[in-house]
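Only one structure is covered here, and it is reproduced in the block below.
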Amino acid sequence: MYKISEFEEMTGLSKETLRYYAEVKLLEPAIIDPENHDRYYDDGSYFLALLLVKLRRFGFTIQEMIDVMADESFAHLEELLQQKKNKIQKQMEDLRLQVEEIDEFLASGMEEDDA
């Protein structure tokens with residue numbers, strides 16, 4: 001078992017984030033001491049915390065993360081990751097086109113300056 005401060009160091013999730021994740025039922029402590037309310041996490045919690053860290057880095061919203069965690073078999077995780085990847089690729093293409101438009105606009109302005 002790991003105290004919340006140890007778990008914070010192990011996972012990179014702040015105490016505030018861990019408390020919030022527990023509040024929204026995303027990642028609850030394995031045990032909460034009834035006397036002093038200390039939170040303890042176990043190895044299973046560690047695996048789930050690492051998954052949550054990855055999902056956040058991949059741009060998942062809290063609700064999307066809750067949906068993933070609700071499906072304990074993670075059967076749809078691959079599909080969700082593929083959807084997220086496709087969305088990011090679309091955003092990258094949109095940004096590339098915006099950069100091209102800016103370049104064209106700047107080039108047209110320079111041509112007018114030269115005239």
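Residues are referred to by chain and number: the chain letter is A, B, ... according to the order shown in the structure tokens, the number counts from 1 in that chain, and ligands are numbered separately from 1 in the order shown.
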Notebook entry, point to check: Contacts of A:Ser5 at 12 Å or less, counting only C-alpha atoms, minus same-chain residues fewer than 2 places along, as a ChimeraX atom specification?
Noted result: /A:1-3,7-16,18-19,38-41
May I have a table of the residues of stretch 51-96 of chain A lying at most 12 Å from stretch 23-31 of chain A, giving each one's closest pair of atoms and their distance in Å to one decimal, counting only C-alpha atoms, ordered by chain and ascending residue number, as CSV?
```
residue,atom,partner,partner_atom,distance
A:Leu51,CA,A:Leu27,CA,10.6
A:Leu52,CA,A:Leu27,CA,8.7
A:Val53,CA,A:Leu27,CA,11.4
A:Thr61,CA,A:Leu26,CA,11.8
A:Ile62,CA,A:Leu26,CA,8.4
A:Gln63,CA,A:Leu26,CA,9.3
A:Glu64,CA,A:Leu26,CA,10.5
A:Met65,CA,A:Leu26,CA,7.5
A:Ile66,CA,A:Leu26,CA,5.7
A:Asp67,CA,A:Leu26,CA,9.2
A:Val68,CA,A:Leu26,CA,9.5
A:Met69,CA,A:Leu26,CA,6.8
A:Ala70,CA,A:Leu26,CA,8.5
A:Asp71,CA,A:Leu26,CA,11.7
A:Glu72,CA,A:Leu26,CA,11.7
```
Please produce an output containing C-alpha atoms for each residue in the selection, written as a short mmCIF file (atom, residue, chain, number, x, y, z; two decimals), in the first residue's frame.
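Generated file (result.cif):
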```
data_model
loop_
_atom_site.label_atom_id
_atom_site.label_comp_id
_atom_site.auth_asym_id
_atom_site.auth_seq_id
_atom_site.Cartn_x
_atom_site.Cartn_y
_atom_site.Cartn_z
CA LEU A 51 -3.26 4.60 -17.85
CA LEU A 52 -4.98 7.83 -16.80
CA VAL A 53 -1.74 9.79 -17.18
CA THR A 61 -11.40 14.60 -21.48
CA ILE A 62 -12.39 13.63 -17.94
CA GLN A 63 -15.68 12.23 -19.27
CA GLU A 64 -13.86 10.17 -21.91
CA MET A 65 -11.55 8.83 -19.20
CA ILE A 66 -14.55 7.95 -17.02
CA ASP A 67 -16.07 6.07 -19.98
CA VAL A 68 -12.84 4.12 -20.50
CA MET A 69 -12.59 3.23 -16.82
CA ALA A 70 -16.26 2.18 -16.68
CA ASP A 71 -15.51 -0.44 -19.34
CA GLU A 72 -13.27 -2.54 -17.10
#
```
For the strand (DSSP E) assignment from backbone DSSP, which residues of stretch 14-94 of chain A qualify? Please present them as a compact mmCIF listing (two decimals) with C-alpha atoms, in the first residue's frame.
```txt
# COMPACT_ATOMS: atom_id res chain seq x y z
CA ILE A 31 -8.39 2.05 1.33
CA ILE A 32 -9.31 5.16 3.27
CA ARG A 39 -5.75 7.48 1.51
CA TYR A 40 -3.86 4.39 0.45
CA TYR A 41 -3.34 3.09 -3.06
```
Note to self: Report, in Å with one decimal, the straight-line distance from atom CA of A:Ala107 to atom CA of A:Gln89.
What the structure shows: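 Going from atom CA of A:Ala107 over to atom CA of A:Gln89 covers 26.9 Å.
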Note to self: Between atom CA of A:Tyr21 and atom CA of A:Arg57, what is the distance in Å, rounded to a tenth?
What the structure shows: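 We find that atom CA of A:Tyr21 and atom CA of A:Arg57 lie 15.7 Å from each other.
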Checklist line | Among the residues A:Asp42, A:Leu48, A:Met92, A:Pro34, the one that comes closest to A:Phe74 [using only C-alpha atoms] | finding: A:Leu48
Next item on the list: Run DSSP on the backbone and grab whatever in chain A lands in helix (DSSP H, G or I); send it over as a PyMOL selection string.
Entry: chain A and resi 4-11+15-23+43-57+62-70+77-114
Checklist line | Separation of atom CA of A:Leu50 from atom CA of A:Gln91 in Å | finding: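 About the pair atom CA of A:Gln91 and atom CA of A:Leu50: they are 25.9 Å apart.
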Notebook entry, point to check: Could you name the residues that touch A:Phe58 at 8 Å or less, counting only C-alpha atoms, but leaving out those on the same chain fewer than 3 positions away, as a ChimeraX atom specification?
Noted result: /A:54-55,84
Write to file, as a PDB file, in the first residue's frame, the residues of the selection just made, with C-alpha atoms.
```pdb
ATOM      1  CA  LYS A  54      -1.392   8.435 -20.738  1.00  0.00           C
ATOM      2  CA  LEU A  55      -5.022   9.180 -21.602  1.00  0.00           C
ATOM      3  CA  LYS A  84      -8.513  10.213 -30.933  1.00  0.00           C
TER       4      LYS A  84
END
```
